[in-house]
Each structure stands twice: as C-alpha cells, then as structure tokens.
Amino acid sequence: MVTVLHEEAPKVVIVEKGSNMEVANGGTVSPPQDKGQLPWIVTPLLESKSLSRAAGCRVLLKMDLHQPSGSFKSRGIGNLILKAIAALPMDVPRSSLMIYSSSGGNAGLAAVTAAHALGCPCTVVVPESTKELMIRKIKAAGGRVIQFGESWAEADVYLRELMRSEVESGAEGVVKGVYCPPFDHPDIWQGNSTIVDEIIAQLPRDAGIPAALVASVGGGGLLVGIQHGLERHSLGSIPVLAVETRGADSLAFSLLHPEAPVLPKISSIATSLGARRVAVECQRIAAREGSNIKSVVLEDWQGAQACIRFAEEERCVVEVACGVSLAACYFGGVLERALGRRVEKTDTVVVVVCGGSNISLGLLNEYRKTYGAMEVDVI
C-alpha cells in the first residue's frame, strides 16, 4: 500500500495493487497508544540578556535547535509519521512502513530521526549537489540515502517512482510507503503548532502577552503552524515577524506578486529557506486583510553575523536560515520598522530558534572571514 501525502491538497491518496482510490483526510487522528516517546521534545524558553540589550526589550528564545533532529521540523514531520502509524492496520508492523523523503536538508534529517525513533525505516533521495555534511548526518541518523539527479525536482520524481516500485514488489520488506513532504501538509502544520502551546505554558508570569513572535520562513510550514496555534489560543492578533534572507524571500515575493508567486531563483546562502514558493496556506494567512504577519527581509551578511554572535554569546551554533531571525533583534531598528512603533523595555519578544543542521564551526569561521571578524573566537 502507498500513501502519498500531497503538498497542496489535504487528501491522502492510497494506492494498492490493482486498485486506486482516494480517501479524504479526516480530522485529528490520535497517535498510537503504544508509540512510546513522541518524536519531538518540549524545548526550553530562555531569556537572553545579550539579545535583550541589543533589541531594547525582553527577548525570550524558544530553543527548538535542541529537537532530536536539530530543528523544529521534528514536530511537524514527526506528527505526520505518527498519523501514518495510527492509520496502519493492526496486522501491519511498523517495520514494514517505509517513510520516503526527497529533502537533503533539515526535513530529510527530521524524517529519518522521527522514523527511526518510532521503529520505521526511512529512505531519502537527494540530488547529486547535496552537501556531504548533510548526507553523513542523514546516514548517521539511520536513513538509507540515494543520490539522484541534478535538482530536487528530479530527485523527487525518482523517489516517488522508487516508492511505488518497492511497495508493489515488497522490496526492502515494504508493505506500505508514506511520502513525506517538507512543509506543506496539515499534519505538519498541526505538529508545528505545538510550539505555541509550549510557549504559552512557559511564559514567565511577569511577561504578559508577547509584543511579537519572530520566526524564519522557508516553505512556510513553521509560520502556518505558529499562526494556527495562536488562533487556537485566541491570540491570532499577536504580530508574527516572518523573516527571510534576500534571495530566498519567497513569502515577500508572493505578497508582491500574488498572481505569480514563484521566486525566480534562490540566490541566498540560507539554502534551508530555499523554497521558491511558500505553501498556499502560508500565502493566504499572510496576504489576508489585517493580517498579523509582518514580512521582514534581511541580508545574508546579517544572518551570518547573527550566527557568529549567537555562537559567541550563547554558545549555540545555528545555520543562517535560523540566524536571520536572531538578526531581527541584534540589528537595531528591525523590530521597530516591522511593528510600526517604538519598542519599549517592557515589551516581550519571543524568537523561535528553529535550529538546522547545515552548519559547522568551519562554516562559521568562513562566515567570519567573508562577512566580518568578531572580537571573540568561536568556540
């Protein structure tokens, strides 16, 4: 059996040998009762004195870089895999449920990490251009990695064909396969929305309602999850700064070109933000009248310098796709311009430190050489 979870349609397509049928995606599916530990964790919400000084307000960091896969994607992709396990017939073991991903980045690593934790195998097909750093990390997490094609599109087509072939033939012991999109599915958004539940529960009593949340945007799965979570708690009017780097600013582009919302190319070093088009739901919530979503576009050098400074001051290493959200607090005036008002010392701003594994100390030092030296060496 093959289950294809489509990126742009909230349906589950089930294909069995000799048959083809569609089943509408239902409401909330309870996770399997014997699943054990969730494939994501509750991460801390920490106050940063250095970022608070830089921003001129109280800055709290939601530390999702500590997720099992190294990024927030453990939440959404983990939830999608939990739903797939819950839908398994009683006589089908988890070990025969193969998770298929065509992401050579954080989504692929999250799929492997979650699948392994839940007792399912995972296959990741990546283009030939994928960095060896990420291939090693995906393999180390327990995934089967296949390199194919010059682009993600070619790798994705091959992955889908491989999934159908293996399910039909029973190769690798596969009885059922689940296609795992990187960001565009309701189960992923639902998993990502748990970050809001945690933030609300963890806010210090004297913090009050946050003046803003800050989060990076690639394909928009995190942003949609945050907004759905806020609305679930009747907090949908809280400003959410949706931060991108120039050259990977697909959300900002979609707001300027709503009829043709596909970014011509990705030219930013923040490759984890490199979806040329955001999810339709992401564009919808950002473009609606009176939206609380504030699009913010910063430069690569700002994201890179924020990564360096964060490593020096907080002793945490993140990639530029995450660093650009930190840059919104490190660089003066960004918060004020986005909110359209003066930021007060009594304001509380929550930054989602979304993490990401496409980073190393060597790469941080390359950023230091390219974008400016800092006084304190990276440790």
# chains A, B, ... in the order shown; residues from 1 in each chain; ligands from 1
>>> select_by_dssp(residues="range 247-350 of chain A", states="strand (DSSP E)", output="list of chain:residue names")
A:Ile293, A:Lys294, A:Ser295, A:Val296, A:Val297, A:Leu298, A:Thr348, A:Val349, A:Val350
>>> residues_around(residues="range 199-213 of chain A", least_positions_apart="6", cutoff="6 Å", atoms="only C-alpha atoms", output="ChimeraX atom specification")
/A:238-240,347-351
>>> residues_around(residues="Pro93 in chain A", least_positions_apart="5", cutoff="10 Å", atoms="only C-alpha atoms", output="PyMOL selection string")
chain A and resi 85+88+119-120+175-176
>>> write_last_selection(atoms="C-alpha atoms", output="PDB file, in the first residue's frame")
ATOM      1  CA  ILE A  85       1.426   4.789  12.140  1.00  0.00           C
ATOM      2  CA  LEU A  88      -1.761   1.176   9.984  1.00  0.00           C
ATOM      3  CA  GLY A 119      10.508   1.995  14.598  1.00  0.00           C
ATOM      4  CA  CYS A 120      10.043   2.715  10.879  1.00  0.00           C
ATOM      5  CA  VAL A 175       4.218  -3.187   2.804  1.00  0.00           C
ATOM      6  CA  LYS A 176       3.216   0.461   2.908  1.00  0.00           C
TER       7      LYS A 176
END
>>> closest_residue(among="A:Ile135, A:Leu45, A:Val92, A:Ala86", to="Val59 in chain A", atoms="only C-alpha atoms")
A:Leu45
>>> atom_distance(atom1="CA of Leu61 in chain A", atom2="CA of Glu319 in chain A")
15.6 Å
>>> atom_distance(atom1="CA of Leu326 in chain A", atom2="CA of Ile269 in chain A")
16.0 Å
>>> closest_residue(among="A:Ala54, A:Met90, A:Leu162, A:Ala155", to="Glu313 in chain A", atoms="only C-alpha atoms")
A:Ala54
>>> closest_residue(among="A:Thr113, A:Val174, A:Glu132, A:Val196", to="Ser96 in chain A", atoms="only C-alpha atoms")
A:Val174
>>> atom_distance(atom1="CA of Leu118 in chain A", atom2="CA of Asp156 in chain A")
23.8 Å
>>> closest_residue(among="A:Val178, A:Ala171, A:Ala279, A:Leu80", to="Val217 in chain A", atoms="only C-alpha atoms")
A:Ala279
>>> residues_around(residues="Glu150 in chain A", least_positions_apart="4", cutoff="12 Å", atoms="only C-alpha atoms", output="VMD selection string")
chain A and resid 125 to 130 154 to 158
>>> decode(residues="range 120-144 of chain A", atoms="C-alpha atoms", output="JSON list (two decimals), in the first residue's frame")
[["chain", "number", "residue", "atom", "x", "y", "z"],
["A", 120, "CYS", "CA", 10.04, 2.71, 10.88],
["A", 121, "PRO", "CA", 12.68, 2.62, 8.13],
["A", 122, "CYS", "CA", 13.26, 5.76, 6.06],
["A", 123, "THR", "CA", 14.60, 6.36, 2.57],
["A", 124, "VAL", "CA", 15.87, 9.78, 1.49],
["A", 125, "VAL", "CA", 16.61, 10.56, -2.16],
["A", 126, "VAL", "CA", 18.71, 13.69, -2.61],
["A", 127, "PRO", "CA", 20.17, 15.41, -5.69],
["A", 128, "GLU", "CA", 23.82, 14.95, -6.55],
["A", 129, "SER", "CA", 24.52, 18.51, -5.40],
["A", 130, "THR", "CA", 23.61, 17.77, -1.75],
["A", 131, "LYS", "CA", 26.41, 18.65, 0.65],
["A", 132, "GLU", "CA", 28.37, 15.71, 2.04],
["A", 133, "LEU", "CA", 27.83, 17.14, 5.55],
["A", 134, "MET", "CA", 24.08, 16.54, 5.33],
["A", 135, "ILE", "CA", 24.44, 13.14, 3.68],
["A", 136, "ARG", "CA", 26.65, 11.99, 6.55],
["A", 137, "LYS", "CA", 24.17, 13.29, 9.12],
["A", 138, "ILE", "CA", 21.19, 11.58, 7.45],
["A", 139, "LYS", "CA", 23.09, 8.28, 7.25],
["A", 140, "ALA", "CA", 24.24, 8.59, 10.85],
["A", 141, "ALA", "CA", 20.61, 9.06, 11.91],
["A", 142, "GLY", "CA", 19.78, 5.69, 10.38],
["A", 143, "GLY", "CA", 18.47, 6.63, 6.95],
["A", 144, "ARG", "CA", 19.02, 4.99, 3.58]]
